[in-house]
file protein24.cif (mmCIF, C-alpha atoms)
data_model
loop_
_atom_site.label_atom_id
_atom_site.label_comp_id
_atom_site.auth_asym_id
_atom_site.auth_seq_id
_atom_site.Cartn_x
_atom_site.Cartn_y
_atom_site.Cartn_z
CA MET A 1 0.00 0.00 0.00
CA SER A 2 3.05 2.20 -0.41
CA THR A 3 2.24 5.55 -1.99
CA SER A 4 5.75 5.76 -3.39
CA ASP A 5 4.94 2.93 -5.79
CA LEU A 6 2.33 5.01 -7.63
CA GLU A 7 4.55 6.39 -10.35
CA THR A 8 2.86 5.58 -13.65
CA PRO A 9 0.23 8.16 -14.59
CA GLY A 10 -3.11 6.62 -15.48
CA ALA A 11 -6.77 6.81 -14.81
CA LEU A 12 -8.01 6.23 -11.30
CA PRO A 13 -11.22 4.20 -10.87
CA HIS A 14 -14.73 5.23 -9.88
CA GLY A 15 -14.92 8.56 -11.66
CA ASP A 16 -18.63 7.88 -12.09
CA LYS A 17 -19.19 7.56 -8.33
CA HIS A 18 -20.32 10.20 -5.85
CA ILE A 19 -19.37 9.22 -2.31
CA CYS A 20 -20.95 10.76 0.76
CA LEU A 21 -19.11 10.42 4.06
CA ILE A 22 -21.10 11.04 7.24
CA GLY A 23 -18.87 11.81 10.21
CA LEU A 24 -15.26 13.01 10.02
CA GLY A 25 -13.60 11.70 13.13
CA ALA A 26 -10.40 9.69 12.81
CA ILE A 27 -12.03 6.87 10.80
CA GLY A 28 -14.02 9.21 8.56
CA MET A 29 -10.97 11.37 7.83
CA SER A 30 -8.88 8.32 7.04
CA PHE A 31 -11.54 6.96 4.66
CA LEU A 32 -11.73 10.40 3.05
CA ALA A 33 -8.00 10.22 2.36
CA LEU A 34 -8.41 6.72 0.93
CA HIS A 35 -11.18 7.74 -1.48
CA LEU A 36 -9.34 10.90 -2.56
CA THR A 37 -6.01 9.14 -3.08
CA TYR A 38 -7.09 5.99 -4.89
CA THR A 39 -10.24 7.05 -6.79
CA SER A 40 -11.41 9.93 -8.94
CA ALA A 41 -14.85 9.93 -7.35
CA ARG A 42 -16.46 13.12 -6.13
CA VAL A 43 -16.79 13.19 -2.34
CA SER A 44 -19.38 15.00 -0.25
CA VAL A 45 -18.89 15.22 3.50
CA TYR A 46 -21.24 15.99 6.35
CA ASP A 47 -20.37 16.48 10.00
CA PRO A 48 -22.38 18.75 12.33
CA ARG A 49 -19.26 20.22 13.95
CA PRO A 50 -19.20 24.03 13.44
CA ASP A 51 -15.49 24.13 12.53
CA LEU A 52 -15.64 21.53 9.76
CA GLN A 53 -13.46 23.39 7.24
CA GLU A 54 -10.83 24.21 9.84
CA HIS A 55 -10.91 20.58 10.95
CA LEU A 56 -10.37 19.41 7.37
CA GLU A 57 -7.54 21.88 6.82
CA SER A 58 -5.67 20.83 9.96
CA VAL A 59 -6.21 17.06 9.85
CA LEU A 60 -6.77 15.83 6.28
CA PRO A 61 -3.22 16.69 5.04
CA LEU A 62 -1.83 14.40 7.77
CA TYR A 63 -3.59 11.45 6.10
CA LEU A 64 -2.76 12.24 2.48
CA PRO A 65 0.53 11.17 0.86
CA SER A 66 3.10 13.95 1.08
CA SER A 67 3.48 13.88 -2.71
CA TRP A 68 -0.24 14.15 -3.39
CA SER A 69 -1.98 17.12 -4.97
CA PRO A 70 -5.58 17.76 -6.02
CA SER A 71 -4.19 18.65 -9.46
CA THR A 72 -3.79 14.91 -10.06
CA ILE A 73 -7.57 14.42 -9.97
CA GLY A 74 -8.58 11.60 -12.27
CA SER A 75 -5.09 10.18 -12.70
CA THR A 76 -2.53 8.32 -10.66
CA MET A 77 -0.33 10.67 -8.67
CA THR A 78 3.39 10.89 -9.25
CA THR A 79 6.11 11.30 -6.66
CA THR A 80 7.25 14.54 -8.27
CA THR A 81 4.05 16.38 -7.34
CA THR A 82 4.40 18.85 -4.49
CA THR A 83 1.90 20.97 -2.65
CA THR A 84 1.60 22.73 0.67
CA THR A 85 -0.69 21.37 3.34
CA ALA A 86 -2.42 24.74 3.57
CA SER A 87 -3.53 24.59 -0.05
CA VAL A 88 -4.72 20.99 -0.24
CA VAL A 89 -8.22 21.43 1.18
CA SER A 90 -8.88 24.79 -0.49
CA GLU A 91 -7.92 23.33 -3.87
CA LEU A 92 -10.12 20.28 -3.29
CA LEU A 93 -13.05 22.51 -2.39
CA SER A 94 -12.57 24.96 -5.25
CA SER A 95 -12.34 22.10 -7.76
CA LYS A 96 -15.57 20.57 -6.34
CA ARG A 97 -13.79 17.26 -5.93
CA LEU A 98 -14.66 17.68 -2.25
CA VAL A 99 -17.88 19.36 -1.13
CA MET A 100 -18.87 20.22 2.43
CA HIS A 101 -22.54 20.16 3.35
CA SER A 102 -24.39 21.84 6.18
CA SER A 103 -27.22 19.28 6.17
CA LEU A 104 -27.39 15.53 5.88
CA ALA A 105 -30.20 15.81 3.35
CA SER A 106 -28.15 17.80 0.86
CA ALA A 107 -25.07 15.63 1.38
CA VAL A 108 -26.79 12.38 0.38
CA GLN A 109 -29.19 13.53 -2.32
CA GLU A 110 -26.87 12.75 -5.27
CA ALA A 111 -24.70 10.07 -3.68
CA THR A 112 -24.08 6.67 -5.20
CA ILE A 113 -22.28 5.43 -2.04
CA ILE A 114 -23.19 6.62 1.46
CA GLN A 115 -20.70 5.71 4.16
CA GLU A 116 -21.48 6.36 7.83
CA GLN A 117 -18.78 6.78 10.52
CA GLY A 118 -20.78 8.35 13.34
CA PRO A 119 -20.78 7.70 17.09
CA GLU A 120 -21.07 4.10 18.30
CA HIS A 121 -24.57 4.62 19.68
CA LEU A 122 -27.46 2.58 18.29
CA PRO A 123 -30.14 5.33 18.45
CA PHE A 124 -27.78 7.62 16.53
CA LYS A 125 -27.24 5.00 13.83
CA GLN A 126 -30.95 4.38 13.49
CA SER A 127 -31.93 8.03 13.30
CA THR A 128 -29.14 8.72 10.81
CA TRP A 129 -30.23 5.94 8.47
CA SER A 130 -33.86 7.02 8.71
CA GLU A 131 -32.84 10.49 7.57
CA VAL A 132 -30.57 9.12 4.85
CA ILE A 133 -33.32 6.91 3.44
CA LYS A 134 -35.67 9.90 3.17
CA HIS A 135 -33.31 11.89 0.95
CA ALA A 136 -30.89 9.51 -0.78
CA PRO A 137 -31.43 7.97 -4.22
CA PRO A 138 -33.03 4.52 -3.85
CA THR A 139 -30.11 3.02 -5.79
CA ALA A 140 -27.44 4.30 -3.36
CA HIS A 141 -25.20 1.75 -1.68
CA LEU A 142 -25.31 2.05 2.12
CA TRP A 143 -22.14 1.35 4.14
CA SER A 144 -21.53 1.61 7.86
CA SER A 145 -18.00 1.70 9.27
CA THR A 146 -19.22 0.91 12.76
CA SER A 147 -16.79 -0.73 15.18
CA GLY A 148 -19.30 -3.26 16.39
CA ILE A 149 -23.02 -2.56 15.80
CA PRO A 150 -24.36 -5.11 13.29
CA ALA A 151 -26.29 -3.90 10.26
CA SER A 152 -29.37 -5.85 11.35
CA GLN A 153 -29.51 -3.82 14.59
CA GLN A 154 -28.94 -0.51 12.82
CA LEU A 155 -32.10 -1.04 10.74
CA SER A 156 -34.13 -3.06 13.24
CA HIS A 157 -36.50 -0.10 13.66
CA LEU A 158 -37.63 -0.38 10.04
CA ALA A 159 -40.53 -2.53 8.91
CA ALA A 160 -39.84 -6.08 7.81
CA GLY A 161 -39.13 -6.16 4.10
CA ASP A 162 -38.04 -2.51 3.91
CA ALA A 163 -35.82 -2.13 0.84
CA ALA A 164 -33.06 -0.41 2.84
CA LYS A 165 -32.42 -3.62 4.77
CA ARG A 166 -31.22 -5.26 1.57
CA LYS A 167 -28.78 -2.45 0.92
CA LEU A 168 -26.98 -1.83 4.22
CA LEU A 169 -23.56 -3.44 4.60
CA VAL A 170 -21.00 -3.01 7.36
CA VAL A 171 -17.62 -2.07 5.87
CA HIS A 172 -15.44 -2.25 8.96
CA PRO A 173 -11.83 -1.09 8.65
CA PHE A 174 -8.86 -1.44 10.95
CA ASN A 175 -7.62 2.00 11.94
CA PRO A 176 -6.20 3.84 10.01
CA PRO A 177 -8.10 2.54 6.98
CA HIS A 178 -6.12 4.54 4.41
CA ILE A 179 -3.15 2.31 5.30
CA MET A 180 -4.32 -0.85 7.05
CA PRO A 181 -5.29 -3.49 4.48
CA LEU A 182 -8.22 -5.15 6.26
CA LEU A 183 -11.82 -4.36 5.39
CA GLU A 184 -14.39 -6.62 7.03
CA LEU A 185 -17.56 -6.85 4.93
CA VAL A 186 -20.34 -7.88 7.31
CA PRO A 187 -23.79 -8.36 5.79
CA SER A 188 -26.96 -8.75 7.80
CA PRO A 189 -29.23 -11.69 7.03
CA ASP A 190 -31.18 -9.28 4.81
CA THR A 191 -28.25 -7.77 2.88
CA ALA A 192 -28.40 -8.56 -0.84
CA GLU A 193 -25.50 -10.53 -2.31
CA ARG A 194 -25.05 -7.84 -4.97
CA GLU A 195 -24.17 -5.33 -2.24
CA LEU A 196 -21.35 -7.59 -1.08
CA GLY A 197 -20.16 -7.99 -4.65
CA PHE A 198 -20.23 -4.25 -5.27
CA ALA A 199 -18.15 -3.49 -2.16
CA ARG A 200 -15.62 -6.24 -2.95
CA ASP A 201 -15.22 -4.96 -6.51
CA TYR A 202 -14.95 -1.35 -5.37
CA PHE A 203 -12.02 -1.95 -3.04
CA ALA A 204 -10.36 -4.58 -5.23
CA SER A 205 -10.15 -2.05 -8.08
CA LEU A 206 -8.32 0.61 -6.08
CA GLY A 207 -4.81 -0.78 -6.41
CA SER A 208 -4.35 0.18 -2.76
CA GLY A 209 -3.67 -3.30 -1.42
CA HIS A 210 -6.81 -3.43 0.69
CA ARG A 211 -8.09 -6.91 1.52
CA PRO A 212 -11.89 -7.09 1.76
CA ILE A 213 -12.89 -10.21 3.70
CA THR A 214 -16.51 -11.32 4.04
CA ILE A 215 -17.57 -12.18 7.59
CA HIS A 216 -20.14 -14.96 7.42
CA LYS A 217 -22.15 -14.22 10.56
CA GLU A 218 -22.91 -11.07 12.54
CA SER A 219 -21.33 -10.85 16.01
CA ALA A 220 -20.51 -8.00 18.38
CA GLY A 221 -17.23 -6.45 17.24
CA PHE A 222 -17.16 -8.68 14.13
CA VAL A 223 -13.74 -10.44 14.08
CA ALA A 224 -10.81 -8.00 14.18
CA ASN A 225 -12.20 -5.76 16.92
CA ARG A 226 -13.51 -8.73 18.86
CA LEU A 227 -10.00 -10.19 19.01
CA ALA A 228 -8.42 -6.80 19.68
CA PHE A 229 -10.84 -5.78 22.44
CA ILE A 230 -10.46 -9.10 24.25
CA LEU A 231 -6.68 -8.69 24.20
CA PHE A 232 -7.10 -5.08 25.36
CA ARG A 233 -9.33 -6.17 28.25
CA GLU A 234 -6.67 -8.54 29.52
CA ALA A 235 -3.97 -5.88 29.03
CA CYS A 236 -5.99 -3.43 31.16
CA HIS A 237 -6.55 -6.14 33.78
CA LEU A 238 -2.81 -6.84 34.00
CA VAL A 239 -2.04 -3.13 34.37
CA SER A 240 -4.70 -2.61 37.03
CA GLU A 241 -3.38 -5.62 38.97
CA GLY A 242 0.19 -4.30 38.86
CA VAL A 243 1.52 -7.25 36.86
CA ALA A 244 3.10 -4.86 34.35
CA SER A 245 2.83 -1.17 33.49
CA ALA A 246 0.98 0.10 30.42
CA GLU A 247 4.29 0.92 28.74
CA GLU A 248 5.72 -2.50 29.59
CA VAL A 249 2.66 -4.30 28.20
CA ASP A 250 3.00 -2.29 24.99
CA GLU A 251 6.63 -3.31 24.64
CA ILE A 252 5.84 -6.96 25.41
CA VAL A 253 3.25 -7.01 22.62
CA ARG A 254 5.55 -5.14 20.23
CA ALA A 255 8.39 -7.60 20.89
CA SER A 256 6.32 -10.80 20.64
CA LEU A 257 2.77 -10.91 19.29
CA GLY A 258 3.32 -7.97 16.94
CA PRO A 259 6.06 -9.46 14.72
CA ARG A 260 4.66 -12.99 15.06
CA TRP A 261 1.18 -12.04 13.87
CA ALA A 262 2.56 -9.84 11.10
CA VAL A 263 3.89 -13.10 9.59
CA ALA A 264 0.87 -15.35 10.22
CA GLY A 265 -2.25 -15.49 12.36
CA PRO A 266 -2.73 -17.44 15.59
CA PHE A 267 -3.93 -20.70 14.06
CA LYS A 268 -1.02 -21.07 11.65
CA MET A 269 1.55 -19.91 14.20
CA TYR A 270 0.29 -22.22 16.95
CA ALA A 271 0.17 -25.10 14.44
CA PHE A 272 3.93 -24.69 14.13
CA GLY A 273 4.10 -25.32 17.89
CA GLY A 274 2.55 -28.75 17.50
CA GLY A 275 5.29 -30.11 15.31
CA LYS A 276 4.26 -32.86 12.91
CA ARG A 277 0.84 -33.09 14.60
CA GLY A 278 0.10 -29.44 14.00
CA MET A 279 -2.75 -27.88 15.93
CA ALA A 280 -3.73 -31.16 17.59
CA GLY A 281 -0.21 -31.53 18.96
CA PHE A 282 -0.14 -27.95 20.16
CA LEU A 283 -3.43 -28.31 22.04
CA ASP A 284 -2.30 -31.60 23.61
CA ASN A 285 1.08 -30.20 24.60
CA ILE A 286 0.04 -26.98 26.35
CA GLY A 287 -3.73 -27.20 26.58
CA GLU A 288 -3.60 -27.35 30.38
CA ALA A 289 -1.58 -24.13 30.51
CA ILE A 290 -3.98 -22.45 28.12
CA ASP A 291 -6.95 -23.52 30.22
CA GLY A 292 -5.29 -22.11 33.32
CA VAL A 293 -4.91 -18.71 31.66
CA TRP A 294 -8.48 -18.76 30.38
CA ASN A 295 -9.79 -19.52 33.86
CA ASP A 296 -7.65 -16.74 35.36
CA ALA A 297 -8.49 -14.08 32.77
CA GLY A 298 -9.63 -10.67 33.97
CA ALA A 299 -13.32 -9.79 33.96
CA ILE A 300 -13.20 -5.99 34.21
CA THR A 301 -16.06 -3.99 32.72
CA MET A 302 -16.54 -0.46 31.41
CA GLY A 303 -18.78 0.24 34.39
CA GLU A 304 -15.81 0.10 36.78
CA GLU A 305 -13.82 3.32 37.21
CA GLY A 306 -10.81 2.10 39.21
CA TRP A 307 -8.93 0.33 36.43
CA LYS A 308 -9.77 3.12 33.96
CA LYS A 309 -8.02 5.72 36.11
CA THR A 310 -4.94 3.55 36.36
CA VAL A 311 -4.79 2.82 32.64
CA VAL A 312 -5.42 6.45 31.64
CA ARG A 313 -2.81 7.77 34.06
CA GLN A 314 -0.12 5.34 33.00
CA THR A 315 -0.82 5.82 29.30
CA ASP A 316 -0.68 9.61 29.64
CA GLU A 317 2.55 9.39 31.64
CA ALA A 318 4.14 7.12 29.06
CA TYR A 319 3.11 8.91 25.86
CA GLY A 320 1.63 12.33 26.65
CA THR A 321 -0.54 13.92 23.96
CA LEU A 322 -0.15 12.20 20.60
CA GLY A 323 -0.17 14.92 17.95
CA PRO A 324 0.57 15.41 14.24
CA GLU A 325 4.18 14.24 14.39
CA GLU A 326 3.18 11.07 16.20
CA ILE A 327 0.44 10.42 13.62
CA ARG A 328 2.96 10.77 10.79
CA GLY A 329 5.39 8.47 12.58
CA ARG A 330 2.69 5.87 13.20
CA ASP A 331 1.54 5.94 9.58
CA GLU A 332 5.04 5.60 8.16
CA ALA A 333 5.78 2.69 10.48
CA LEU A 334 2.55 0.95 9.47
CA ARG A 335 3.36 1.47 5.78
CA ARG A 336 6.73 -0.19 6.34
CA ILE A 337 5.13 -3.17 8.07
CA VAL A 338 2.64 -3.58 5.22
CA ARG A 339 5.52 -3.47 2.72
CA VAL A 340 7.28 -6.22 4.67
CA GLN A 341 4.14 -8.34 4.38
CA GLU A 342 4.17 -7.69 0.63
CA ASP A 343 7.74 -8.94 0.42
CA LEU A 344 6.94 -12.06 2.45
CA THR A 345 3.84 -13.04 0.50
CA GLY A 346 4.99 -11.89 -2.92
CA GLU A 347 1.71 -10.03 -3.34
CA LYS A 348 2.51 -6.52 -4.47
CA GLN A 349 0.41 -3.78 -2.89
CA SER A 350 0.35 -0.36 -4.50
#
call {"tool": "encode", "arguments": {"input": "protein24.cif", "output": "structure tokens"}}
result
Amino acid sequence: MSTSDLETPGALPHGDKHICLIGLGAIGMSFLALHLTYTSARVSVYDPRPDLQEHLESVLPLYLPSSWSPSTIGSTMTTTTTTTTASVVSELLSSKRLVMHSSLASAVQEATIIQEQGPEHLPFKQSTWSEVIKHAPPTAHLWSSTSGIPASQQLSHLAAGDAAKRKLLVVHPFNPPHIMPLLELVPSPDTAERELGFARDYFASLGSGHRPITIHKESAGFVANRLAFILFREACHLVSEGVASAEEVDEIVRASLGPRWAVAGPFKMYAFGGGKRGMAGFLDNIGEAIDGVWNDAGAITMGEEGWKKTVVRQTDEAYGTLGPEEIRGRDEALRRIVRVQEDLTGEKQS
């Protein structure tokens, strides 16, 4: 997914699409960068915050490739292009490649793809989709980038058989989505197969290296976040119990699970541990130890304040406020890791 590999001018896909993004927090801004960088689609954005333009001007350039310029609209960017961060958003707006809207109704009325990244609150999701359905074209594709609320719940307030239920698809990224390859496509039982096919084709055509994976059954947190949040729960438990500090847990993960799982996932890696018998051997060899850890796992909840104070304090002490320079450093490091995966698998990502 390296931006430096995009050196041959050529047409970018989806010039016939009009994408509407609802919500411009970290995920929304990252998706905005993805759509602007790898497509020639027009993009409308809606966020009720009063300082939307200032927010775009200060944050969006952090997510765009340093060599990118709105003057490359419709064609693949080259590494010789230069622009100042101050001019990026104003040029996007003046060219109408990017349009800000003051109402949800106007933002969605011409959209072919509507992508929601709002707060993780079910009543918000439901009221947002009700408003979208009133004003959007009936042919628009409906995507939610929720972290864990299934599509079936988001539209459970609609009547059985409502056409919108066949259109809504969860398109769940791993943050930041303009770099991280994973996109979990999570249909509800009502989602039409053609919606899955459209989303798969959309992201496969970008040349960005994204890997859309269909999740076969709805569950809280889907797959990636479910795994990540369970690991995070145990990490917070260990910190609150004084087993290790927040900074030490981070380093332990970075020095062990991080590089291991960048090569292969838990099933393949643990199968190595079973020798010739693979997974069966692994489970026989250390199953008792695994069971002991499972039985001893922490059971903290978000309703408890004690562990939160400890985790927040230690994280703040270790890292302070993470600002623009830290974001750039994180993104460059992630790009390097993704490039290493490309080298290992032999699958070139643009």
call {"tool": "resolve_selection", "arguments": {"input": "protein24.cif", "expression": "the PyMOL selection byres ((chain A and resi 101) around 9)", "output": "number ranges by chain"}}
result
A: 44-47, 99-100, 102-107
call {"tool": "atom_distance", "arguments": {"input": "protein24.cif", "atom1": "atom CA of A:Pro65", "atom2": "atom CA of A:Val170"}}
result
26.6 Å
call {"tool": "closest_residue", "arguments": {"input": "protein24.cif", "among": "A:Val223, A:Pro212, A:Leu36, A:Asn285", "to": "A:Leu64", "atoms": "only C-alpha atoms"}}
result
A:Leu36
call {"tool": "closest_atom_pairs", "arguments": {"input": "protein24.cif", "of": "stretch 86-122 of chain A", "to": "stretch 190-208 of chain A", "cutoff": "12 Å", "atoms": "only C-alpha atoms", "output": "CSV"}}
result
residue,atom,partner,partner_atom,distance
A:Thr112,CA,A:Phe198,CA,11.6
A:Ile113,CA,A:Ala199,CA,9.8
A:Ile114,CA,A:Ala199,CA,11.9
A:Gln115,CA,A:Ala199,CA,11.4
call {"tool": "closest_atom_pairs", "arguments": {"input": "protein24.cif", "of": "stretch 61-176 of chain A", "to": "stretch 315-335 of chain A", "cutoff": "9 Å", "atoms": "only C-alpha atoms", "output": "CSV"}}
result
residue,atom,partner,partner_atom,distance
A:Leu62,CA,A:Arg328,CA,6.7
A:Tyr63,CA,A:Arg328,CA,8.1
A:Pro176,CA,A:Asp331,CA,8.0
call {"tool": "atom_distance", "arguments": {"input": "protein24.cif", "atom1": "atom CA of A:Arg42", "atom2": "atom CA of A:Asp16"}}
result
8.2 Å
call {"tool": "atom_distance", "arguments": {"input": "protein24.cif", "atom1": "atom CA of A:Thr214", "atom2": "atom CA of A:Pro150"}}
result
13.6 Å
call {"tool": "residues_around", "arguments": {"input": "protein24.cif", "residues": "stretch 292-298 of chain A", "least_positions_apart": "6", "cutoff": "9 Å", "atoms": "only C-alpha atoms", "output": "PyMOL selection string"}}
result
chain A and resi 233-238
call {"tool": "closest_residue", "arguments": {"input": "protein24.cif", "among": "A:Asp291, A:Glu131, A:Glu116, A:Glu110", "to": "A:Ser147", "atoms": "all atoms listed in the file"}}
result
A:Glu116
call {"tool": "residues_around", "arguments": {"input": "protein24.cif", "residues": "A:Ser30", "least_positions_apart": "4", "cutoff": "12 Å", "atoms": "all atoms listed in the file", "output": "ChimeraX atom specification"}}
result
/A:21,23-26,34-37,56,59-65,117,145,173-180,327,331
call {"tool": "write_last_selection", "arguments": {"input": "protein24.cif", "atoms": "C-alpha atoms", "output": "PDB file, keeping the file's coordinate frame"}}
result
ATOM      1  CA  LEU A  21     -19.110  10.420   4.060  1.00  0.00           C
ATOM      2  CA  GLY A  23     -18.870  11.810  10.210  1.00  0.00           C
ATOM      3  CA  LEU A  24     -15.260  13.010  10.020  1.00  0.00           C
ATOM      4  CA  GLY A  25     -13.600  11.700  13.130  1.00  0.00           C
ATOM      5  CA  ALA A  26     -10.400   9.690  12.810  1.00  0.00           C
ATOM      6  CA  LEU A  34      -8.410   6.720   0.930  1.00  0.00           C
ATOM      7  CA  HIS A  35     -11.180   7.740  -1.480  1.00  0.00           C
ATOM      8  CA  LEU A  36      -9.340  10.900  -2.560  1.00  0.00           C
ATOM      9  CA  THR A  37      -6.010   9.140  -3.080  1.00  0.00           C
ATOM     10  CA  LEU A  56     -10.370  19.410   7.370  1.00  0.00           C
ATOM     11  CA  VAL A  59      -6.210  17.060   9.850  1.00  0.00           C
ATOM     12  CA  LEU A  60      -6.770  15.830   6.280  1.00  0.00           C
ATOM     13  CA  PRO A  61      -3.220  16.690   5.040  1.00  0.00           C
ATOM     14  CA  LEU A  62      -1.830  14.400   7.770  1.00  0.00           C
ATOM     15  CA  TYR A  63      -3.590  11.450   6.100  1.00  0.00           C
ATOM     16  CA  LEU A  64      -2.760  12.240   2.480  1.00  0.00           C
ATOM     17  CA  PRO A  65       0.530  11.170   0.860  1.00  0.00           C
ATOM     18  CA  GLN A 117     -18.780   6.780  10.520  1.00  0.00           C
ATOM     19  CA  SER A 145     -18.000   1.700   9.270  1.00  0.00           C
ATOM     20  CA  PRO A 173     -11.830  -1.090   8.650  1.00  0.00           C
ATOM     21  CA  PHE A 174      -8.860  -1.440  10.950  1.00  0.00           C
ATOM     22  CA  ASN A 175      -7.620   2.000  11.940  1.00  0.00           C
ATOM     23  CA  PRO A 176      -6.200   3.840  10.010  1.00  0.00           C
ATOM     24  CA  PRO A 177      -8.100   2.540   6.980  1.00  0.00           C
ATOM     25  CA  HIS A 178      -6.120   4.540   4.410  1.00  0.00           C
ATOM     26  CA  ILE A 179      -3.150   2.310   5.300  1.00  0.00           C
ATOM     27  CA  MET A 180      -4.320  -0.850   7.050  1.00  0.00           C
ATOM     28  CA  ILE A 327       0.440  10.420  13.620  1.00  0.00           C
ATOM     29  CA  ASP A 331       1.540   5.940   9.580  1.00  0.00           C
TER      30      ASP A 331
END
call {"tool": "closest_residue", "arguments": {"input": "protein24.cif", "among": "A:Lys17, A:His55, A:His157, A:Arg211", "to": "A:Leu183", "atoms": "all atoms listed in the file"}}
result
A:Arg211
call {"tool": "axis_aligned_box", "arguments": {"input": "protein24.cif", "around": "stretch 141-158 of chain A", "padding_each_side": "3 Å", "output": "AutoDock Vina command-line options"}}
result
--center_x -27.2 --center_y -1.9 --center_z 7.4 --size_x 26.8 --size_y 13.9 --size_z 24.1
call {"tool": "residues_around", "arguments": {"input": "protein24.cif", "residues": "stretch 121-127 of chain A", "least_positions_apart": "4", "cutoff": "9 Å", "atoms": "all atoms listed in the file", "output": "CSV table (one decimal) with C-alpha atoms, keeping the file's coordinate frame"}}
result
chain,number,residue,atom,x,y,z
A,116,GLU,CA,-21.5,6.4,7.8
A,131,GLU,CA,-32.8,10.5,7.6
A,132,VAL,CA,-30.6,9.1,4.8
A,144,SER,CA,-21.5,1.6,7.9
A,149,ILE,CA,-23.0,-2.6,15.8
A,153,GLN,CA,-29.5,-3.8,14.6
A,154,GLN,CA,-28.9,-0.5,12.8
A,155,LEU,CA,-32.1,-1.0,10.7
A,156,SER,CA,-34.1,-3.1,13.2
A,157,HIS,CA,-36.5,-0.1,13.7
A,158,LEU,CA,-37.6,-0.4,10.0
